[in-house]
Amino acid sequence: MPGIRGPSDYSLEPPRHPSLKINSKQPFNAEPPRSALASSYVTPVDFFYKRNHGPIPVVDDIERYSVSITGLIDNPIELLMKDIWKLPKYVVTATLQCAGNRRTAMSNVRKVRGVGWDVSAIGNAVWGGAKLADVLELVGISKLTRTTKSGGKHVEFVSIDKCKEENGGPYKASIPLSQSTNPEADVLLAYEMNGEVTKPAFIPLNRDHGYPLRVVVPGVIGARSVKWLESINIIAEECQGFFMQKDYKMFPPSVDWDNIDWSTRRPQMDFPVQCAVCSLEDVTAIKPGKVKVSGYAASGGGRGIERIDVSVDGGKTWMEASRHQKTGVPYIAADDMSSDKWAWVLFEVTVDVRHPTEIVAKAVDSGANVQPENVRDIWNLRGILNTSWHRVQVRVGHSNI
């Protein structure tokens with residue numbers, strides 16, 4: 001691709017915040033301290049989790065950078081960034097979450113394969129860019145189209161990023177055409193991250209997050225929001241790449257690597273209702289008395305959070321935590337026009353703890369979906385979608401502050 005290149009080694013990696021917990025150096029995968037997440041509704045770029053599969057691509061010339069749109073269409077085109085900038089700009093607040101978030105807790109039950117994430121492979125950002133529905137209109141695909149005249153039913157995103165899982169080929173993934181052409185799905189070709197929050201000026205994506213252009217698919221696992229976009233292909237069947245066909249699929253606990261059949265499951269898209277405590281570590285020592293319990297809750301598909309329940313006795317009794325998105329503003333239901341329907345909810349509640357105990361948090365979304373109680377019941381060989389009740393152990397008597 002003109003203007004962008006994928007390095008063959010890791011000598012040109014960008015700088016990262018020193019407080020990140022590094023789960024893999026090459027490729028670089030890291031998450032922030034969990035305490036950093038609950039402190040801000042919009043996750044600062046430096047503290048947004050980093051998920052990579054190879055060396056970070058380098059843009060040499062933004063003026064020459066381009067994205068091709070090809071496949072089952074009549075008029076393939078090549079778009080320069082200036083062409084994308086001319087389209088109406090939309091700003092969408094959306095939470096992205098790696099499907100492997102909280103994998104470490106799942107691997108404690110039984111070994112799984114994948115990056116060992118704690119609870120922070122998730123972040124909430126304000127994304128700016130062109131809606132994919134508007135971009136597809138440039139090649140004659142009308143809004144709300146489900147199938148093109150040539151039989152295209154899926155939109156494949158291909159990255160410049162090269163990864164070993166694709167035998168040195170590019171990372172790629174797809175979503176249905178019906179989702180891509182629906183303006184209300186808010187799928188973006190994003191070129192800005194948190195720009196509207198920090199200042200009115202244009203704040204481009206940084207390199208770790210897809211500079212100069214990435215896809216953002218709200219409400220769907222992060223694996224479908226392809227970074228460093230190189231091409232968009234209109235195809236008849238879903239993407240046949242590794243990360244669609246041999247990864248990020250949900251299997252029952254009875255399936256392991258010796259009896260797996262990838263073809264029996266569909267690629268994971270929406271993420272289930274999720275919740276985690278961020279103000280306390282897995283084992284925390286405190287002084288007896290009042291303790292603030294805070295964290296995040298989110299659900300996929302644009303479903304809001306109906307409530308967050310917190311227990312200070314291991315799940316025997318519960319109290320409801322307060323919810324908010326913007327600080328000081330009451331939570332707005334996801335079906336309200338002014339709601340950030342793709343964004344997480346932050347919660348907090350003050351509890352009285354006098355004895356060693358287990359504090360538990362769980363969420364219920366607007367579709368009445370609830371989190372499973374035990375991680376062992378949802379164990380799967382890839383360690384994805386650990387949405388079990390989040391538990392932290394509290395020891396009373398000695399402060400760790």
# chains A, B, ... in the order shown; residues from 1 in each chain; ligands from 1
>>> residues_around(residues="Ile175 (chain A)", least_positions_apart="4", cutoff="8 Å", atoms="only C-alpha atoms", output="VMD selection string")
chain A and resid 154 to 156 179 to 180 224 238
>>> residues_around(residues="Pro252 (chain A)", least_positions_apart="6", cutoff="10 Å", atoms="only C-alpha atoms", output="list in words")
Asp377, Ile378, Trp379, Asn380 and Leu381 of chain A
>>> select_by_dssp(residues="region 264-384 of chain A", states="strand (DSSP E or B)", output="count of residues only")
52
>>> residues_around(residues="Phe157 (chain A)", least_positions_apart="2", cutoff="10 Å", atoms="only C-alpha atoms", output="NGL selection string")
:A and (69 or 154-155 or 159 or 170-175 or 214-215 or 224-234 or 239)
>>> closest_residue(among="A:Thr95, A:Asn369, A:Asn386, A:Gln245", to="Val42 (chain A)", atoms="only C-alpha atoms")
A:Thr95
>>> residues_around(residues="Ala363 (chain A)", least_positions_apart="6", cutoff="7 Å", atoms="only C-alpha atoms", output="PyMOL selection string")
chain A and resi 273-275+297+307-309+370-371
>>> write_last_selection(atoms="N, CA, C and O atoms", output="mmCIF file, in the first residue's frame")
data_model
loop_
_atom_site.group_PDB
_atom_site.id
_atom_site.type_symbol
_atom_site.label_atom_id
_atom_site.label_comp_id
_atom_site.auth_asym_id
_atom_site.auth_seq_id
_atom_site.Cartn_x
_atom_site.Cartn_y
_atom_site.Cartn_z
ATOM 1 N N VAL A 273 -23.059 -9.649 28.537
ATOM 2 C CA VAL A 273 -22.988 -8.692 29.636
ATOM 3 C C VAL A 273 -21.768 -8.991 30.514
ATOM 4 O O VAL A 273 -21.474 -10.150 30.813
ATOM 5 N N GLN A 274 -21.067 -7.942 30.899
ATOM 6 C CA GLN A 274 -19.778 -8.058 31.579
ATOM 7 C C GLN A 274 -19.702 -7.040 32.714
ATOM 8 O O GLN A 274 -20.308 -5.966 32.635
ATOM 9 N N CYS A 275 -18.944 -7.364 33.736
ATOM 10 C CA CYS A 275 -18.821 -6.487 34.890
ATOM 11 C C CYS A 275 -17.530 -6.838 35.628
ATOM 12 O O CYS A 275 -17.161 -8.009 35.704
ATOM 13 N N ALA A 297 -19.310 -1.865 33.863
ATOM 14 C CA ALA A 297 -20.229 -2.889 33.348
ATOM 15 C C ALA A 297 -20.558 -2.521 31.912
ATOM 16 O O ALA A 297 -20.689 -1.342 31.576
ATOM 17 N N ARG A 307 -28.792 -2.940 35.800
ATOM 18 C CA ARG A 307 -28.351 -2.740 37.180
ATOM 19 C C ARG A 307 -27.043 -3.483 37.409
ATOM 20 O O ARG A 307 -26.677 -4.387 36.643
ATOM 21 N N ILE A 308 -26.359 -3.075 38.483
ATOM 22 C CA ILE A 308 -25.168 -3.784 38.959
ATOM 23 C C ILE A 308 -25.407 -4.150 40.408
ATOM 24 O O ILE A 308 -25.766 -3.293 41.227
ATOM 25 N N ASP A 309 -25.240 -5.423 40.713
ATOM 26 C CA ASP A 309 -25.425 -5.922 42.075
ATOM 27 C C ASP A 309 -24.070 -6.209 42.698
ATOM 28 O O ASP A 309 -23.188 -6.789 42.057
ATOM 29 N N VAL A 370 -28.104 -12.101 32.275
ATOM 30 C CA VAL A 370 -27.354 -12.073 33.531
ATOM 31 C C VAL A 370 -26.024 -12.798 33.361
ATOM 32 O O VAL A 370 -25.858 -13.628 32.472
ATOM 33 N N GLN A 371 -25.084 -12.469 34.218
ATOM 34 C CA GLN A 371 -23.787 -13.130 34.179
ATOM 35 C C GLN A 371 -23.855 -14.492 34.860
ATOM 36 O O GLN A 371 -24.550 -14.654 35.866
#
>>> closest_residue(among="A:Ile77, A:Ala185, A:Met106, A:Ile122", to="Leu144 (chain A)", atoms="only C-alpha atoms")
A:Ala185
